[in-house]
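K.L.:
Mind looking over this structure? Questions follow.
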Amino acid sequence: MTKRTRWVIGNWKMNGTFATNAALLHAVSAGESGGASIAVCVPFPYLAQTQAALSGKAVGYGAQDVSQHSSGAYTGQVSAAMLQDFGATLALVGHSERRQYNRETDEEVAAKASALVAAGMTAVICVGETLAEREAGNAEKVVSRQLAACAGVISGAPAGKIVVAYEPVWAIGTGKTATAAEAQAMHAFIRGDMRRFGARSDAISILYGGSVKAGNAAELFAQSDIDGGLIGGAALIASDFLAIVAAAS
Ligand code: PGA
């Protein structure tokens with residue numbers, strides 16, 4: 001079996017202050033990574049603070065979104081090159097909150113992933129179905145559509161520059177986690193689906209996200225196609241985040 005990078009990525013969302021970030025970054029960077037790749041995705045204004053806190057440390061960092069454009073008249077947007085100016089090595093694209101609140105389309109998500117890969121950064125492509133889509137029996141169809149839009153970048157990029165995060169929308173911030181078996185089934189589906197469009201699927205890390213906690217991380221991460229987690233709420237508490245990191249190691 002191909003050895004894939006195990007990742008634990010914190011998604012801080014729109015949380016934090018200078019003071020709380022300082023404490024969190026200090027605690028997270030002082031923890032044991034135990035062989036997993038650890039990163040935090042912080043709000044744009046705190047990239048400089050994060051860079052200062054994490055430079056020379058084993059914890060990577062990045063953003064929660066990126067512009068598909070490289071520069072120009074795009075008020076409010078932030079380019080991959082700007083992220084790199086702050087030492088960021090990765091960004092999330094297509095998080096369900098951006099698909100929902102910012103009306104991001106599959107095509108925009110793909111263009112954003114391409115912008116990151118073109119800059120030499122890692123794109124963490126988020127996919128996942130809503131509860132209504134799952135209950136209608138369409139979970140795989142929706143995830144497959146989201147992946148297919150990114151087929152070009154997923155199959156064209158070096159495997160290490162693409163991470164897929166499966167985040168069922170109904171499990172995000174709700175305390176409801178997919179069971180380990182449900183998550184594994186979808187991860188195996190995703191791996192097969194990416195192989196279908198020519199990706200080196202066995203080498204691409206697929207993370208689970210949605211109410212991952214210290215108490216359920218080990219069981220989720222023990223599944224053969226789950227290569228770590230994308231962590232929201234529990235990434236804001238250093239001890240919880242580090243316990244999840246330990247479960248991935
Ligand atoms: P959660 O968020 O862990 O708070 O459910 C995960 C995410 O949205 O990335």
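Ordering of the structure tokens sets the chain letters (A, B, ...); residue numbers start at 1 within each chain; ligands are numbered from 1 in the order shown.
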As a quick test: using only C-alpha atoms and all ligand atoms, which residues lie no more than 8 Å away from ligand 1? Give them as a list in words.
P.N.:
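Answer in the requested format: Gly10, Asn11, Lys13, His95, Ser96, Glu97, Glu167, Ala171, Ile172, Gly173, Thr174, Gly175, Gly209, Gly210, Ser211, Val212, Lys213, Leu230, Ile231, Gly232, Gly233, Ala234 and Ala235 of chain A.
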K.L.:
If we count only C-alpha atoms and set the cut-off at 6 Å, which residues sit around range 35-46 of chain A, ignoring sequence neighbours fewer than 4 positions away in its own chain? Please answer as a PyMOL selection string.
P.N.:
chain A and resi 6-12+59-64+249
K.L.:
Would you export the selected residues with N, CA, C and O atoms as a PDB file, in the first residue's frame, please?
P.N.:
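New file out.pdb:
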ATOM      1  N   ARG A   6      -0.078  11.675   6.574  1.00  0.00           N
ATOM      2  CA  ARG A   6      -1.194  11.844   7.512  1.00  0.00           C
ATOM      3  C   ARG A   6      -1.210  13.302   7.947  1.00  0.00           C
ATOM      4  O   ARG A   6      -0.176  13.869   8.279  1.00  0.00           O
ATOM      5  N   TRP A   7      -2.379  13.890   7.904  1.00  0.00           N
ATOM      6  CA  TRP A   7      -2.513  15.313   8.173  1.00  0.00           C
ATOM      7  C   TRP A   7      -3.502  15.567   9.305  1.00  0.00           C
ATOM      8  O   TRP A   7      -4.527  14.899   9.383  1.00  0.00           O
ATOM      9  N   VAL A   8      -3.187  16.558  10.115  1.00  0.00           N
ATOM     10  CA  VAL A   8      -4.224  17.141  10.974  1.00  0.00           C
ATOM     11  C   VAL A   8      -4.174  18.647  10.723  1.00  0.00           C
ATOM     12  O   VAL A   8      -3.150  19.300  10.967  1.00  0.00           O
ATOM     13  N   ILE A   9      -5.261  19.165  10.167  1.00  0.00           N
ATOM     14  CA  ILE A   9      -5.308  20.583   9.788  1.00  0.00           C
ATOM     15  C   ILE A   9      -6.405  21.268  10.600  1.00  0.00           C
ATOM     16  O   ILE A   9      -7.551  20.813  10.615  1.00  0.00           O
ATOM     17  N   GLY A  10      -6.035  22.327  11.275  1.00  0.00           N
ATOM     18  CA  GLY A  10      -7.014  23.111  12.024  1.00  0.00           C
ATOM     19  C   GLY A  10      -7.601  24.186  11.128  1.00  0.00           C
ATOM     20  O   GLY A  10      -6.869  24.867  10.400  1.00  0.00           O
ATOM     21  N   ASN A  11      -8.907  24.327  11.165  1.00  0.00           N
ATOM     22  CA  ASN A  11      -9.596  25.399  10.443  1.00  0.00           C
ATOM     23  C   ASN A  11     -10.194  26.312  11.511  1.00  0.00           C
ATOM     24  O   ASN A  11     -11.209  25.987  12.115  1.00  0.00           O
ATOM     25  N   TRP A  12      -9.545  27.426  11.718  1.00  0.00           N
ATOM     26  CA  TRP A  12      -9.994  28.323  12.796  1.00  0.00           C
ATOM     27  C   TRP A  12     -11.280  29.059  12.448  1.00  0.00           C
ATOM     28  O   TRP A  12     -11.894  29.667  13.320  1.00  0.00           O
ATOM     29  N   VAL A  59       4.981  23.093  12.612  1.00  0.00           N
ATOM     30  CA  VAL A  59       3.562  23.270  12.257  1.00  0.00           C
ATOM     31  C   VAL A  59       3.448  24.207  11.053  1.00  0.00           C
ATOM     32  O   VAL A  59       3.973  25.325  11.071  1.00  0.00           O
ATOM     33  N   GLY A  60       2.801  23.734  10.011  1.00  0.00           N
ATOM     34  CA  GLY A  60       2.586  24.566   8.830  1.00  0.00           C
ATOM     35  C   GLY A  60       1.355  25.437   9.007  1.00  0.00           C
ATOM     36  O   GLY A  60       0.605  25.284   9.978  1.00  0.00           O
ATOM     37  N   TYR A  61       1.148  26.337   8.074  1.00  0.00           N
ATOM     38  CA  TYR A  61      -0.030  27.199   8.195  1.00  0.00           C
ATOM     39  C   TYR A  61      -0.457  27.715   6.823  1.00  0.00           C
ATOM     40  O   TYR A  61       0.300  27.673   5.853  1.00  0.00           O
ATOM     41  N   GLY A  62      -1.680  28.193   6.813  1.00  0.00           N
ATOM     42  CA  GLY A  62      -2.205  28.715   5.565  1.00  0.00           C
ATOM     43  C   GLY A  62      -3.511  29.431   5.799  1.00  0.00           C
ATOM     44  O   GLY A  62      -3.821  29.844   6.921  1.00  0.00           O
ATOM     45  N   ALA A  63      -4.290  29.546   4.719  1.00  0.00           N
ATOM     46  CA  ALA A  63      -5.513  30.344   4.749  1.00  0.00           C
ATOM     47  C   ALA A  63      -6.731  29.451   4.531  1.00  0.00           C
ATOM     48  O   ALA A  63      -6.609  28.260   4.247  1.00  0.00           O
ATOM     49  N   GLN A  64      -7.892  30.072   4.644  1.00  0.00           N
ATOM     50  CA  GLN A  64      -9.152  29.323   4.529  1.00  0.00           C
ATOM     51  C   GLN A  64      -9.804  29.504   3.163  1.00  0.00           C
ATOM     52  O   GLN A  64     -10.874  28.961   2.899  1.00  0.00           O
ATOM     53  N   SER A 249      -1.174   9.951  14.872  1.00  0.00           N
ATOM     54  CA  SER A 249       0.247   9.583  14.766  1.00  0.00           C
ATOM     55  C   SER A 249       0.470   8.077  14.830  1.00  0.00           C
ATOM     56  O   SER A 249      -0.383   7.356  15.292  1.00  0.00           O
TER      57      SER A 249
END
K.L.:
Please indicate the distance in Å from CA of Gln77 in chain A to CA of Ile154 in chain A, rounded to one decimal place.
P.N.:
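Those two atoms sit 23.4 Å apart.
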K.L.:
If I take CA of Ala23 in chain A and CA of Asp227 in chain A, how far is one from the other in Å, to one decimal?
P.N.:
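The value is 27.6 Å.
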K.L.:
Excluding Arg99 in chain A and residues on its chain fewer than 5 positions from it, collect all residues at most 10 Å away from it, counting only C-alpha atoms, and give them as a PDB file with N, CA, C and O atoms, in the first residue's frame.
P.N.:
ATOM      1  N   VAL A  93      -9.921  25.184  -0.034  1.00  0.00           N
ATOM      2  CA  VAL A  93     -10.806  25.696  -1.089  1.00  0.00           C
ATOM      3  C   VAL A  93     -12.103  24.896  -1.050  1.00  0.00           C
ATOM      4  O   VAL A  93     -12.110  23.702  -0.760  1.00  0.00           O
ATOM      5  N   GLY A  94     -13.201  25.597  -1.309  1.00  0.00           N
ATOM      6  CA  GLY A  94     -14.489  24.925  -1.398  1.00  0.00           C
ATOM      7  C   GLY A  94     -15.055  24.464  -0.080  1.00  0.00           C
ATOM      8  O   GLY A  94     -15.886  23.536  -0.045  1.00  0.00           O
ATOM      9  N   GLU A 104     -20.060  29.862  -3.718  1.00  0.00           N
ATOM     10  CA  GLU A 104     -18.960  29.389  -4.571  1.00  0.00           C
ATOM     11  C   GLU A 104     -19.402  28.180  -5.374  1.00  0.00           C
ATOM     12  O   GLU A 104     -20.017  27.262  -4.840  1.00  0.00           O
ATOM     13  N   THR A 105     -19.059  28.196  -6.632  1.00  0.00           N
ATOM     14  CA  THR A 105     -19.438  27.092  -7.517  1.00  0.00           C
ATOM     15  C   THR A 105     -18.300  26.070  -7.596  1.00  0.00           C
ATOM     16  O   THR A 105     -17.149  26.364  -7.255  1.00  0.00           O
ATOM     17  N   ASP A 106     -18.634  24.897  -8.090  1.00  0.00           N
ATOM     18  CA  ASP A 106     -17.616  23.865  -8.290  1.00  0.00           C
ATOM     19  C   ASP A 106     -16.487  24.390  -9.175  1.00  0.00           C
ATOM     20  O   ASP A 106     -15.316  24.087  -8.958  1.00  0.00           O
ATOM     21  N   GLU A 108     -15.478  27.543  -9.576  1.00  0.00           N
ATOM     22  CA  GLU A 108     -14.617  28.479  -8.844  1.00  0.00           C
ATOM     23  C   GLU A 108     -13.677  27.732  -7.908  1.00  0.00           C
ATOM     24  O   GLU A 108     -12.503  28.091  -7.763  1.00  0.00           O
ATOM     25  N   VAL A 109     -14.199  26.715  -7.278  1.00  0.00           N
ATOM     26  CA  VAL A 109     -13.373  25.922  -6.359  1.00  0.00           C
ATOM     27  C   VAL A 109     -12.194  25.312  -7.130  1.00  0.00           C
ATOM     28  O   VAL A 109     -11.045  25.350  -6.683  1.00  0.00           O
ATOM     29  N   CYS A 126     -12.222  20.830  -0.298  1.00  0.00           N
ATOM     30  CA  CYS A 126     -13.278  20.316   0.581  1.00  0.00           C
ATOM     31  C   CYS A 126     -14.501  19.906  -0.231  1.00  0.00           C
ATOM     32  O   CYS A 126     -14.950  20.663  -1.098  1.00  0.00           O
ATOM     33  N   VAL A 127     -14.997  18.737   0.067  1.00  0.00           N
ATOM     34  CA  VAL A 127     -16.209  18.231  -0.588  1.00  0.00           C
ATOM     35  C   VAL A 127     -17.132  17.663   0.486  1.00  0.00           C
ATOM     36  O   VAL A 127     -16.692  17.371   1.601  1.00  0.00           O
TER      37      VAL A 127
END
K.L.:
Residues within 12 Å of Arg195 in chain A, please, as a list of chain:residue names. Count only C-alpha atoms; anything in the same chain fewer than 5 positions from it doesn't count.
P.N.:
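My reading of the contact set: A:Ser144, A:Leu147, A:Ala148, A:Ala151, A:Ile154, A:Ser155, A:Ala188, A:Phe189, A:Ile190, A:Arg200, A:Ser201, A:Asp202, A:Ala203, A:Ile204.
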K.L.:
From a DSSP pass on the backbone, collect the residues of range 134-248 of chain A flagged as strand (DSSP E or B) and hand them back as a list in words.
P.N.:
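Of range 134-248 of chain A, the ones in strand (DSSP E or B) are Ile162, Val163, Val164, Ala165, Tyr166, Ser205, Ile206, Leu207, Tyr208, Gly209, Gly228, Gly229, Leu230 and Ile231 of chain A.
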K.L.:
Put those residues in a file: C-alpha atoms, as a short mmCIF file (atom, residue, chain, number, x, y, z; two decimals), in the first residue's frame.
P.N.:
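For reference, selection.cif as written:
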data_model
loop_
_atom_site.label_atom_id
_atom_site.label_comp_id
_atom_site.auth_asym_id
_atom_site.auth_seq_id
_atom_site.Cartn_x
_atom_site.Cartn_y
_atom_site.Cartn_z
CA ILE A 162 -3.57 17.95 -3.34
CA VAL A 163 -5.39 17.02 -0.16
CA VAL A 164 -9.08 16.16 -0.28
CA ALA A 165 -11.20 16.79 2.80
CA TYR A 166 -14.51 14.97 3.02
CA SER A 205 -4.43 12.08 1.39
CA ILE A 206 -8.15 12.16 2.10
CA LEU A 207 -9.08 13.79 5.41
CA TYR A 208 -12.33 13.54 7.30
CA GLY A 209 -13.89 16.66 8.80
CA GLY A 228 -6.27 12.41 9.07
CA GLY A 229 -8.68 15.21 9.80
CA LEU A 230 -9.76 18.78 9.11
CA ILE A 231 -10.69 20.13 12.50
#
K.L.:
Using only C-alpha atoms, which residues sit within 8 Å of Ala113 in chain A once same-chain residues fewer than 5 positions away are excluded, as an MDAnalysis selection string?
P.N.:
chainID A and resid 68 93 123:125 150 153
K.L.:
What does the structure give for the distance between CA of Arg103 in chain A and CA of Ala159 in chain A, in Å to one decimal?
P.N.:
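Between CA of Arg103 in chain A and CA of Ala159 in chain A the gap is 28.0 Å.
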